[in-house]
Structures are given as structure tokens and as C-alpha cells.
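Structure data (compact mmCIF, C-alpha atoms and all ligand atoms) from final22.txt:
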```txt
# COMPACT_ATOMS: atom_id res chain seq x y z
CA MET A 1 0.00 0.00 0.00
CA ASN A 2 1.13 3.57 -0.71
CA THR A 3 2.32 5.42 2.36
CA VAL A 4 1.24 9.03 2.29
CA LYS A 5 2.32 12.20 4.06
CA PRO A 6 0.76 12.17 7.55
CA ILE A 7 -1.74 14.97 8.15
CA PRO A 8 -2.27 16.24 11.73
CA ALA A 9 -5.48 15.10 13.42
CA HIS A 10 -6.94 18.62 13.68
CA ARG A 11 -6.76 18.94 9.85
CA LEU A 12 -8.51 15.59 9.24
CA PRO A 13 -12.09 16.96 8.95
CA ASP A 14 -11.00 19.29 6.15
CA LEU A 15 -9.01 16.52 4.45
CA LEU A 16 -11.98 14.13 4.59
CA LYS A 17 -14.27 16.77 3.14
CA ARG A 18 -11.95 17.52 0.21
CA LEU A 19 -10.99 13.91 -0.49
CA PRO A 20 -11.97 12.99 -4.05
CA LYS A 21 -14.08 9.85 -3.64
CA ALA A 22 -16.47 7.43 -5.32
CA GLU A 23 -19.75 6.47 -3.71
CA LEU A 24 -20.74 2.88 -4.49
CA HIS A 25 -23.62 2.14 -2.13
CA MET A 26 -26.47 4.62 -2.03
CA HIS A 27 -30.14 3.84 -2.70
CA ILE A 28 -31.62 6.80 -4.52
CA GLU A 29 -35.00 6.34 -2.83
CA GLY A 30 -33.10 6.63 0.47
CA SER A 31 -31.88 10.10 -0.50
CA LEU A 32 -35.42 11.47 -0.59
CA GLU A 33 -35.30 14.21 2.04
CA PRO A 34 -38.49 14.90 4.06
CA GLU A 35 -38.82 18.40 2.55
CA LEU A 36 -38.77 17.04 -1.00
CA MET A 37 -41.10 14.19 0.02
CA PHE A 38 -43.70 16.74 1.16
CA ALA A 39 -43.16 18.87 -1.97
CA LEU A 40 -43.67 15.87 -4.28
CA ALA A 41 -46.74 14.75 -2.32
CA ALA A 42 -48.24 18.23 -2.80
CA ARG A 43 -47.31 18.30 -6.51
CA ASN A 44 -49.01 14.93 -7.02
CA GLY A 45 -52.07 15.69 -4.90
CA LEU A 46 -51.17 13.00 -2.35
CA SER A 47 -51.22 13.17 1.41
CA LEU A 48 -48.65 11.71 3.79
CA PRO A 49 -49.58 10.10 7.10
CA TYR A 50 -47.49 12.75 8.94
CA ALA A 51 -48.55 16.32 9.81
CA ASP A 52 -45.25 17.90 8.75
CA VAL A 53 -41.52 17.40 8.21
CA ALA A 54 -40.80 17.40 11.96
CA ALA A 55 -43.38 14.64 12.59
CA LEU A 56 -41.95 12.58 9.71
CA LYS A 57 -38.38 12.93 11.02
CA LYS A 58 -39.56 11.70 14.43
CA ALA A 59 -40.49 8.40 12.79
CA TYR A 60 -36.85 7.85 11.73
CA VAL A 61 -35.95 5.62 14.67
CA PHE A 62 -35.29 2.01 13.71
CA GLY A 63 -34.56 -1.15 15.68
CA ASN A 64 -33.47 -3.18 12.65
CA LEU A 65 -33.43 -3.27 8.83
CA GLN A 66 -37.08 -4.32 8.46
CA GLU A 67 -38.37 -1.43 10.60
CA PHE A 68 -36.45 0.95 8.34
CA LEU A 69 -37.65 -0.71 5.11
CA ASP A 70 -41.29 -0.24 6.15
CA VAL A 71 -40.84 3.54 6.64
CA TYR A 72 -38.69 3.84 3.51
CA HIS A 73 -41.26 2.03 1.43
CA ALA A 74 -44.03 4.37 2.62
CA GLY A 75 -41.93 7.37 1.53
CA THR A 76 -41.56 6.07 -2.03
CA GLN A 77 -45.33 6.46 -2.60
CA VAL A 78 -44.88 10.15 -3.50
CA LEU A 79 -42.74 9.30 -6.56
CA ARG A 80 -45.07 9.27 -9.55
CA THR A 81 -43.64 11.05 -12.61
CA GLU A 82 -40.37 11.02 -14.52
CA GLN A 83 -39.75 14.54 -13.19
CA ASP A 84 -40.12 13.28 -9.60
CA PHE A 85 -37.37 10.71 -10.21
CA TYR A 86 -35.25 13.37 -11.91
CA ASP A 87 -35.65 15.86 -9.05
CA MET A 88 -34.80 13.27 -6.37
CA THR A 89 -31.70 12.15 -8.28
CA TRP A 90 -30.57 15.69 -9.04
CA ALA A 91 -30.84 16.65 -5.36
CA TYR A 92 -28.61 13.70 -4.43
CA LEU A 93 -26.08 14.45 -7.16
CA GLU A 94 -25.76 18.07 -6.02
CA ARG A 95 -25.15 16.89 -2.45
CA ALA A 96 -22.65 14.30 -3.63
CA ALA A 97 -20.73 16.84 -5.73
CA ALA A 98 -20.56 19.17 -2.70
CA ASP A 99 -18.97 16.26 -0.78
CA HIS A 100 -16.30 15.89 -3.51
CA VAL A 101 -17.79 12.67 -4.85
CA VAL A 102 -16.40 12.47 -8.39
CA HIS A 103 -18.12 9.22 -9.36
CA THR A 104 -21.22 7.47 -8.01
CA GLU A 105 -22.92 4.15 -8.72
CA ILE A 106 -26.54 4.63 -7.71
CA PHE A 107 -28.85 1.84 -6.54
CA PHE A 108 -32.49 2.00 -7.46
CA ASP A 109 -35.27 -0.51 -7.71
CA THR A 110 -38.22 -0.71 -10.03
CA GLN A 111 -40.29 -3.30 -8.19
CA THR A 112 -41.28 -0.83 -5.46
CA HIS A 113 -42.56 1.60 -8.07
CA THR A 114 -44.25 -0.85 -10.43
CA GLY A 115 -46.04 -2.05 -7.29
CA HIS A 116 -47.48 1.50 -7.07
CA GLY A 117 -48.48 1.58 -10.73
CA VAL A 118 -45.41 3.55 -11.92
CA ASP A 119 -43.74 1.90 -14.90
CA THR A 120 -40.09 0.98 -15.30
CA ASP A 121 -39.55 3.46 -18.18
CA THR A 122 -40.65 6.39 -15.98
CA VAL A 123 -38.20 5.42 -13.24
CA ILE A 124 -35.17 4.76 -15.42
CA ASN A 125 -35.68 7.73 -17.75
CA GLY A 126 -35.92 10.16 -14.82
CA LEU A 127 -32.83 8.78 -13.10
CA HIS A 128 -30.81 8.58 -16.28
CA ARG A 129 -31.57 12.15 -17.38
CA ALA A 130 -30.32 13.47 -14.04
CA CYS A 131 -27.13 11.40 -14.39
CA VAL A 132 -26.51 12.79 -17.89
CA ASP A 133 -27.06 16.38 -16.70
CA ALA A 134 -24.77 15.81 -13.70
CA ARG A 135 -21.85 14.98 -15.95
CA SER A 136 -22.09 18.25 -17.86
CA GLN A 137 -23.32 20.53 -15.08
CA LEU A 138 -21.65 19.14 -11.93
CA GLY A 139 -18.63 17.32 -13.39
CA ILE A 140 -19.61 14.07 -11.66
CA SER A 141 -20.01 10.70 -13.38
CA ALA A 142 -22.91 8.47 -12.35
CA GLY A 143 -24.02 4.95 -13.21
CA LEU A 144 -27.21 3.08 -12.33
CA ILE A 145 -27.52 -0.32 -10.62
CA LEU A 146 -30.93 -1.99 -10.63
CA CYS A 147 -31.54 -3.80 -7.32
CA PHE A 148 -33.89 -6.76 -7.15
CA LEU A 149 -35.99 -6.94 -3.99
CA ARG A 150 -35.01 -10.15 -2.25
CA HIS A 151 -38.24 -10.49 -0.23
CA LEU A 152 -40.00 -11.04 -3.58
CA SER A 153 -39.57 -14.11 -5.79
CA GLN A 154 -36.95 -14.82 -8.42
CA ALA A 155 -39.75 -14.89 -11.02
CA GLU A 156 -40.59 -11.29 -10.08
CA ALA A 157 -36.90 -10.35 -10.36
CA PHE A 158 -36.86 -11.84 -13.88
CA GLU A 159 -39.89 -9.71 -14.73
CA ALA A 160 -38.12 -6.58 -13.43
CA LEU A 161 -35.03 -7.41 -15.50
CA GLU A 162 -37.12 -7.98 -18.61
CA GLN A 163 -38.90 -4.64 -18.18
CA ALA A 164 -35.51 -2.91 -17.78
CA THR A 165 -33.90 -4.64 -20.77
CA PRO A 166 -34.91 -1.92 -23.31
CA HIS A 167 -32.79 0.43 -21.12
CA LEU A 168 -29.72 -1.80 -20.96
CA ASP A 169 -27.50 0.99 -22.27
CA LYS A 170 -28.49 3.11 -19.24
CA LEU A 171 -27.55 0.43 -16.69
CA LEU A 172 -24.21 -0.47 -15.14
CA GLY A 173 -25.32 -3.53 -13.24
CA VAL A 174 -27.74 -5.32 -10.96
CA GLY A 175 -27.80 -5.70 -7.18
CA LEU A 176 -29.83 -7.37 -4.46
CA ALA A 177 -31.48 -5.37 -1.65
CA SER A 178 -34.34 -5.37 0.90
CA SER A 179 -34.98 -7.81 3.80
CA GLU A 180 -31.88 -9.98 4.10
CA LEU A 181 -32.68 -12.55 6.80
CA GLY A 182 -34.52 -15.55 5.36
CA HIS A 183 -33.73 -14.50 1.77
CA PRO A 184 -30.29 -15.93 0.94
CA PRO A 185 -28.55 -14.89 -2.27
CA GLU A 186 -28.88 -18.32 -3.90
CA LYS A 187 -32.62 -17.66 -4.27
CA PHE A 188 -31.57 -15.42 -7.22
CA THR A 189 -28.92 -17.55 -8.93
CA GLU A 190 -30.56 -17.77 -12.35
CA VAL A 191 -31.56 -14.12 -12.65
CA PHE A 192 -28.03 -13.02 -11.79
CA ALA A 193 -26.69 -15.43 -14.43
CA LYS A 194 -29.05 -13.86 -16.95
CA ALA A 195 -27.94 -10.33 -15.98
CA ARG A 196 -24.34 -11.41 -16.41
CA GLN A 197 -25.10 -12.75 -19.90
CA LEU A 198 -26.56 -9.35 -20.73
CA GLY A 199 -23.21 -7.77 -19.86
CA LEU A 200 -24.30 -6.25 -16.55
CA ARG A 201 -21.97 -5.96 -13.53
CA LEU A 202 -23.04 -7.81 -10.38
CA VAL A 203 -23.21 -6.77 -6.72
CA ALA A 204 -25.35 -7.88 -3.75
CA HIS A 205 -26.12 -6.87 -0.19
CA ALA A 206 -24.78 -9.63 2.03
CA GLY A 207 -23.67 -9.81 5.65
CA GLU A 208 -25.50 -6.65 6.74
CA GLU A 209 -27.66 -8.49 9.29
CA GLY A 210 -27.29 -11.90 7.65
CA PRO A 211 -24.59 -14.50 8.37
CA PRO A 212 -21.21 -14.97 6.65
CA ALA A 213 -22.82 -17.88 4.72
CA TYR A 214 -24.76 -15.28 2.71
CA ILE A 215 -21.48 -13.65 1.66
CA TRP A 216 -20.11 -17.02 0.54
CA SER A 217 -23.21 -17.68 -1.56
CA ALA A 218 -23.27 -14.15 -3.02
CA LEU A 219 -19.76 -14.91 -4.31
CA ASP A 220 -20.26 -18.54 -5.31
CA ALA A 221 -23.88 -18.70 -6.49
CA LEU A 222 -24.43 -15.13 -7.74
CA LYS A 223 -20.80 -14.49 -8.77
CA VAL A 224 -20.90 -10.90 -7.56
CA GLU A 225 -17.91 -8.62 -7.93
CA ARG A 226 -18.58 -6.54 -4.78
CA ILE A 227 -20.33 -7.18 -1.49
CA ASP A 228 -22.61 -4.46 -0.13
CA HIS A 229 -22.10 -4.07 3.64
CA GLY A 230 -20.32 -7.37 4.41
CA VAL A 231 -19.61 -6.29 7.99
CA GLN A 232 -20.50 -9.78 9.31
CA ALA A 233 -17.56 -11.24 7.33
CA LEU A 234 -15.23 -10.71 10.29
CA LYS A 235 -17.02 -13.54 12.13
CA ASP A 236 -15.50 -16.00 9.62
CA PRO A 237 -11.68 -16.00 9.29
CA ALA A 238 -11.74 -18.26 6.20
CA LEU A 239 -14.09 -15.81 4.49
CA VAL A 240 -11.90 -12.85 5.41
CA ALA A 241 -8.89 -14.69 3.97
CA ARG A 242 -10.77 -15.23 0.71
CA LEU A 243 -12.03 -11.64 0.47
CA VAL A 244 -8.50 -10.37 1.02
CA ARG A 245 -6.94 -12.87 -1.38
CA GLU A 246 -9.42 -12.06 -4.15
CA GLN A 247 -9.54 -8.35 -3.23
CA ILE A 248 -13.35 -8.36 -3.25
CA PRO A 249 -14.52 -4.87 -2.27
CA LEU A 250 -16.98 -4.30 0.58
CA THR A 251 -19.17 -1.19 0.43
CA VAL A 252 -19.52 -0.34 4.11
CA CYS A 253 -22.11 2.15 5.43
CA PRO A 254 -21.23 3.08 9.02
CA LEU A 255 -24.10 5.46 9.86
CA SER A 256 -26.58 2.98 8.37
CA ASN A 257 -25.13 0.23 10.57
CA LEU A 258 -25.47 2.50 13.59
CA LYS A 259 -29.07 3.57 12.82
CA LEU A 260 -30.14 -0.03 12.10
CA CYS A 261 -28.49 -1.29 15.30
CA VAL A 262 -25.96 -3.55 13.55
CA PHE A 263 -23.42 -2.00 15.97
CA PRO A 264 -24.50 -0.44 19.28
CA THR A 265 -22.16 2.56 18.85
CA LEU A 266 -19.97 3.89 16.06
CA ALA A 267 -16.94 3.34 18.32
CA GLN A 268 -17.72 -0.41 18.11
CA HIS A 269 -17.88 -0.43 14.29
CA ASN A 270 -15.43 -2.84 12.66
CA LEU A 271 -14.31 -0.60 9.75
CA GLY A 272 -10.86 -0.11 11.32
CA ALA A 273 -10.51 -3.87 11.83
CA MET A 274 -11.52 -4.47 8.20
CA LEU A 275 -8.78 -2.17 6.92
CA GLN A 276 -6.31 -3.72 9.34
CA ALA A 277 -7.17 -7.16 7.92
CA GLY A 278 -6.42 -5.96 4.38
CA LEU A 279 -10.03 -5.93 3.19
CA VAL A 280 -10.93 -3.54 0.35
CA ALA A 281 -13.48 -1.57 2.39
CA THR A 282 -15.10 1.65 1.22
CA VAL A 283 -17.30 4.23 3.03
CA ASN A 284 -20.80 5.01 1.73
CA SER A 285 -24.08 6.55 2.88
CA ASP A 286 -26.71 3.84 2.01
CA ASP A 287 -29.88 5.89 2.70
CA PRO A 288 -28.57 9.33 3.67
CA ALA A 289 -31.95 11.04 4.17
CA TYR A 290 -32.84 8.44 6.82
CA PHE A 291 -29.53 7.69 8.51
CA GLY A 292 -28.28 11.14 9.49
CA GLY A 293 -25.90 12.11 6.76
CA TYR A 294 -24.31 11.94 3.33
CA ILE A 295 -20.93 10.42 2.58
CA ASN A 296 -18.78 13.10 4.24
CA GLU A 297 -20.80 12.80 7.43
CA ASN A 298 -20.09 9.05 7.34
CA PHE A 299 -16.37 9.75 6.96
CA THR A 300 -16.12 12.42 9.65
CA GLN A 301 -18.23 10.70 12.31
CA THR A 302 -16.58 7.32 11.77
CA PHE A 303 -13.04 8.73 11.79
CA ALA A 304 -13.77 10.59 15.03
CA ALA A 305 -15.36 7.54 16.69
CA LEU A 306 -12.62 5.09 15.65
CA GLY A 307 -9.62 7.42 15.77
CA LEU A 308 -8.72 6.72 12.13
CA SER A 309 -5.85 8.59 10.43
CA SER A 310 -4.99 10.31 7.15
CA GLN A 311 -3.46 7.02 5.98
CA HIS A 312 -6.88 5.38 6.43
CA ALA A 313 -8.48 8.26 4.54
CA TYR A 314 -6.13 7.70 1.62
CA GLN A 315 -6.78 3.96 1.66
CA LEU A 316 -10.57 4.34 1.73
CA ALA A 317 -10.66 6.86 -1.12
CA SER A 318 -8.21 4.79 -3.15
CA ASN A 319 -10.32 1.66 -2.49
CA SER A 320 -13.43 3.49 -3.69
CA PHE A 321 -11.88 4.05 -7.12
CA GLU A 322 -10.44 0.53 -7.35
CA ALA A 323 -13.81 -0.95 -6.37
CA SER A 324 -15.77 1.14 -8.89
CA PHE A 325 -16.83 -0.03 -12.34
CA ILE A 326 -15.07 2.85 -14.14
CA ASP A 327 -12.41 2.02 -16.71
CA ALA A 328 -8.72 1.71 -15.89
CA SER A 329 -7.68 5.09 -17.30
CA ALA A 330 -10.39 6.96 -15.37
CA LYS A 331 -9.36 5.05 -12.22
CA GLN A 332 -5.78 6.16 -12.69
CA ALA A 333 -6.84 9.78 -13.23
CA TYR A 334 -8.80 9.73 -9.94
CA GLN A 335 -5.90 8.04 -8.10
CA ASP A 336 -3.61 10.82 -9.38
CA ARG A 337 -6.03 13.47 -8.12
CA LEU A 338 -6.07 11.80 -4.73
CA ALA A 339 -2.27 11.62 -4.54
CA GLU A 340 -2.05 15.28 -5.56
CA LEU A 341 -4.39 16.35 -2.76
CA PHE A 342 -2.13 14.65 -0.22
CA GLU A 343 0.99 16.22 -1.74
CA THR A 344 -0.41 19.75 -1.64
CA PHE A 345 -2.55 19.59 1.50
CA GLU A 346 -1.43 21.99 4.23
N1 LIG A 401 -29.48 -0.95 4.05
C1 LIG A 401 -30.27 -1.61 3.19
N2 LIG A 401 -30.24 -2.95 3.18
C2 LIG A 401 -31.03 -3.62 2.36
N3 LIG A 401 -31.86 -3.04 1.50
C3 LIG A 401 -31.92 -1.72 1.48
N4 LIG A 401 -32.68 -0.89 0.73
C4 LIG A 401 -32.38 0.35 1.10
N5 LIG A 401 -31.45 0.35 2.06
C5 LIG A 401 -31.15 -0.94 2.31
ZN ZN A 402 -27.96 -0.68 1.00
```

Translate this file's structure into C-alpha cells.
Ligand SMILES: Nc1ncnc2[nH]cnc12
Ligand SMILES: [Zn+2]
Amino acid sequence: MNTVKPIPAHRLPDLLKRLPKAELHMHIEGSLEPELMFALAARNGLSLPYADVAALKKAYVFGNLQEFLDVYHAGTQVLRTEQDFYDMTWAYLERAAADHVVHTEIFFDTQTHTGHGVDTDTVINGLHRACVDARSQLGISAGLILCFLRHLSQAEAFEALEQATPHLDKLLGVGLASSELGHPPEKFTEVFAKARQLGLRLVAHAGEEGPPAYIWSALDALKVERIDHGVQALKDPALVARLVREQIPLTVCPLSNLKLCVFPTLAQHNLGAMLQAGLVATVNSDDPAYFGGYINENFTQTFAALGLSSQHAYQLASNSFEASFIDASAKQAYQDRLAELFETFE
């Protein structure tokens, strides 16, 4: 690993803020801020079961993943038109650019929305148009990853993939999200094989709440290239050895883990131990509107809680580019930008 110039602890918050970084684990529906949720509800003539933004925010207390998913799902009801999907995505991309995210791979799902009578074309066209505009207007590159909902059947995932196939040129890959426990990756073996045949990149949530066995099967049955979360991997030394040997990236989301009670406190998070073990961990925001912050908030709070250093900051940003699906020359350009920041940082 590159050793970089040490930066004093009191300068770390500024370094973390200015670090060029890629975000690889963020569900666009989880970036829907309460204010925008109310604005879209009003625009679409819908009412929310909360009196105002303050009452809605009070509901953002979760004991586990499922409790969160129920609230999150209710919030998606306000998304009806292509412009709604555009506005939500644009708001995220502006926030990401302000956090010095230079590249983002955005998760979305269509099954939630088709379940509300909104078609796949409306969702993908709105998201894609915002990504195209972000490149020219914000200087940030963005790709889209379609997540299948694992609490539904594989047949329904096939249907979602088929409906998205006319938009293949707008997609980077497929992922697997929603309720993890009781829905192991191997339930989706054939649909992931089909996505792979179509030339899509493969990722899956595994080892967020679920056991290390789910990480093994995401790798072996689904053949994913990255694991989303993966924090439970540390319970299985043989799995850690494999993830290190094969340099499989893990997209870790510390504030999400805290808010969903995966760890009781941020000081008990295992991100530092992951880096120490040689795992290719990255820092991401998951559902920033619900979990108390965007990517820089994840960096600053986690660094403070775990006492991480500028060397860790370099490693995490470097990992984010290596773990991304951008091409080798773009990766190198971002790595150079990162090295330059460290050289010139005062
Ligand atoms: N943290 C998470 N885990 C699984 N599915 C999700 N969908 C949105 N956020 C999620
Ligand atoms: Zn997630």
C-alpha cells in the first residue's frame, strides 16, 4: 500500500471533506429528504400520514433493517412522474458533488414503483436524465444499478429485469437489496446469471444483518464482484482470507449500521478492523436522508469515533476508485487526483 504524508489530526475533517471519492452504495430512494417528500406529495395531490416534516423525522428511529424498510417504502409512494425521479436524483447528485464525490454508482429498484403503478420506463428515464445532466453541469459521473428486492420471488426479479432490458444501455449492473434474513442470495442464482449474460456488472447486499454464509453464496452462487455491507464477514476467518486474497470490495455504510443497530455505537464499528485485515473496504451513505448524513458525514463521524488517520483516509478513497466499475484510465486519473491532494494539503 502507498504510504502518504501524515496529516495532523486537527486537519482531518477538512481533508476528509476535500478527499476525491467514489460512492458505491447509495439507494436513490433513500436520499429522498423529508422536505422534498412533502413537496412531491403536494405536486401529485397526495397526502402523507405525517402532519409535517418534523413529525416525519420523528419516525426515523429504527430497531433493525425491516423497521427501516417499512418507513422507507411508505416514503416512495410520492414518486409518480419522470420529473419526480429526476428531481430526487438531481438533489442527491448536487449533495454528492458538494462532498467531492467524483463518481457514483446509484442503486435503485423498479419493483417498489411498479407495485405503485409507476412503470419501469418512468423510473429509469428520470434517473438517467439526471445522471446525464450531472456529468455536464456538476462534473460528476454516475451509473445506475438496478436492485432486485429479495423479499419477492426470483420470477418477479426476472420480470423486473425484462422490463428494464430496453434500457440496458443506461444500466451499469444489478444488485440485491431489501430484507436480508430468510432471503439468501442463492434464491436469485438464475436471474443473476441472466444479468451477467446481458453484460451487466453484479453486486449484492450480504452480511449486513445476515450470516457470513450469505457472503459465501453471493460470491459462489451469484458471482458478484462486490459485497454491499459485508460487515459480518469478520465472524469467519476463512471468508476474510478469501475476500483479502481475491480483493473483493466491501461497500460499508457506518451510519446505516449505527441507525439499524448492527453495531451499538460507532466506536464499536469494525471498519478499522476491516482495513487492518487488508479488506478492500469503502465508506458510503446507504440511505442518507434516513440515517443522518451523506458520505462526508459518514467519513467524519466514523473517523472521530474510531480514531482513524490520514493514511486510512487515503486507503478508503483509493479503495473506492479501485472498487468502482469505471475504466482503468479513469481510475488512474482519480488516483492521481487523490495523490495530488495529499501532496499539496497543508
Ligand atoms: N441498508 C439496506 N439494506 C437492504 N436493503 C436496502 N434498501 C435500502 N437500504 C437498504
Ligand atoms: Zn444498502

Could you give me, as JSON lines, every chain A residue with an atom at most 6 Å from ligand LIG 401 (chain A), plus its closest atom pair and distance in Å to one decimal, counting all atoms listed in the file, rows ordered by chain then number?
```
{"residue": "A:His27", "atom": "CA", "partner": "A:LIG401", "partner_atom": "C4", "distance": 5.6}
{"residue": "A:Ala177", "atom": "CA", "partner": "A:LIG401", "partner_atom": "N3", "distance": 3.9}
{"residue": "A:Ser178", "atom": "CA", "partner": "A:LIG401", "partner_atom": "N3", "distance": 3.5}
{"residue": "A:Ser179", "atom": "CA", "partner": "A:LIG401", "partner_atom": "C2", "distance": 5.9}
{"residue": "A:Asp286", "atom": "CA", "partner": "A:LIG401", "partner_atom": "N5", "distance": 5.9}
{"residue": "A:Asp287", "atom": "CA", "partner": "A:LIG401", "partner_atom": "N5", "distance": 5.8}
```

Surroundings of ligand ZN 402 (chain A) up to 12 Å, based on only C-alpha atoms and all ligand atoms, as a ChimeraX atom specification
/A:23-31,65,68-69,72,105-109,145,147-149,175-180,203-209,227-230,250-257,260,283-288,290-291

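If all atoms listed in the file are the atoms counted, then among A:Thr189, A:Gln232, A:Thr104, A:Asn125 the closest residue to Asp84 of chain A is A:Asn125.
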
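Closest approach to Met274 of chain A among A:Lys259, A:Val244, A:Ala157, A:Thr300 is made by A:Val244 (distances from all atoms listed in the file).
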
Counting all atoms listed in the file, which residues come within 12 Å of (-22.9, 4.7, -12.3), with the point read in the file's coordinates, and could you list them as a ChimeraX atom specification?
/A:22-26,28,93,102-108,127-128,130-132,134-135,140-146,169-174,200-201,324-327

Extract, using all atoms listed in the file, all DNA, RNA and protein residues at most 8 Å from Leu12 of chain A, discarding same-chain residues fewer than 4 positions from it, and format them as a PyMOL selection string.
chain A and resi 7-8+16+309-310

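Take atom CA of Ala305 of chain A and atom CA of Arg337 of chain A: the distance between them is 27.2 Å.
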
Nearest to Tyr294 of chain A: which of A:Ala55, A:Ala9, A:Val4, A:Ala96 is it, counting only C-alpha atoms?
A:Ala96

Who sits within 9 Å of Phe303 of chain A, all atoms listed in the file, same chain under 5 positions skipped, as a compact mmCIF listing (two decimals) with C-alpha atoms, in the frame of the given file:
```
# COMPACT_ATOMS: atom_id res chain seq x y z
CA LEU A 12 -8.51 15.59 9.24
CA PRO A 13 -12.09 16.96 8.95
CA ASN A 298 -20.09 9.05 7.34
CA LEU A 308 -8.72 6.72 12.13
CA SER A 309 -5.85 8.59 10.43
CA HIS A 312 -6.88 5.38 6.43
CA ALA A 313 -8.48 8.26 4.54
```

If we count only C-alpha atoms, what is near Phe158 of chain A at a cut-off of 8 Å, once residues fewer than 4 positions away on the same chain are taken out, given as a PyMOL selection string?
chain A and resi 154+162+191

Go through A:Gly75, A:Gly139, A:Gly272, A:Gly278 and flag the residue nearest Leu32 of chain A, using all atoms listed in the file for the distances.
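Closest candidate: A:Gly75.
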
May I ask for the distance between atom CA of Ala91 of chain A and atom CA of Gln111 of chain A, given in Å to one decimal place?
22.3 Å

Quick one: residues within 12 Å of Tyr50 of chain A, all atoms listed in the file, excluding same-chain residues fewer than 5 positions away - as a ChimeraX atom specification?
/A:34,37-38,41,55-59,71,74-75

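The nearest approach to Gly63 of chain A among the residues A:Leu40, A:Ala195, A:Thr3, A:Val262, with only C-alpha atoms taken into account, belongs to A:Val262.
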
Please, what is the axis-aligned box for every listed atom of segment 23-35 of chain A with 3 Å on each side, as centre and edge lengths in Å to one decimal, as JSON?
```
{"center_x": -29.3, "center_y": 10.3, "center_z": -0.2, "size_x": 25.1, "size_y": 22.3, "size_z": 14.6}
```
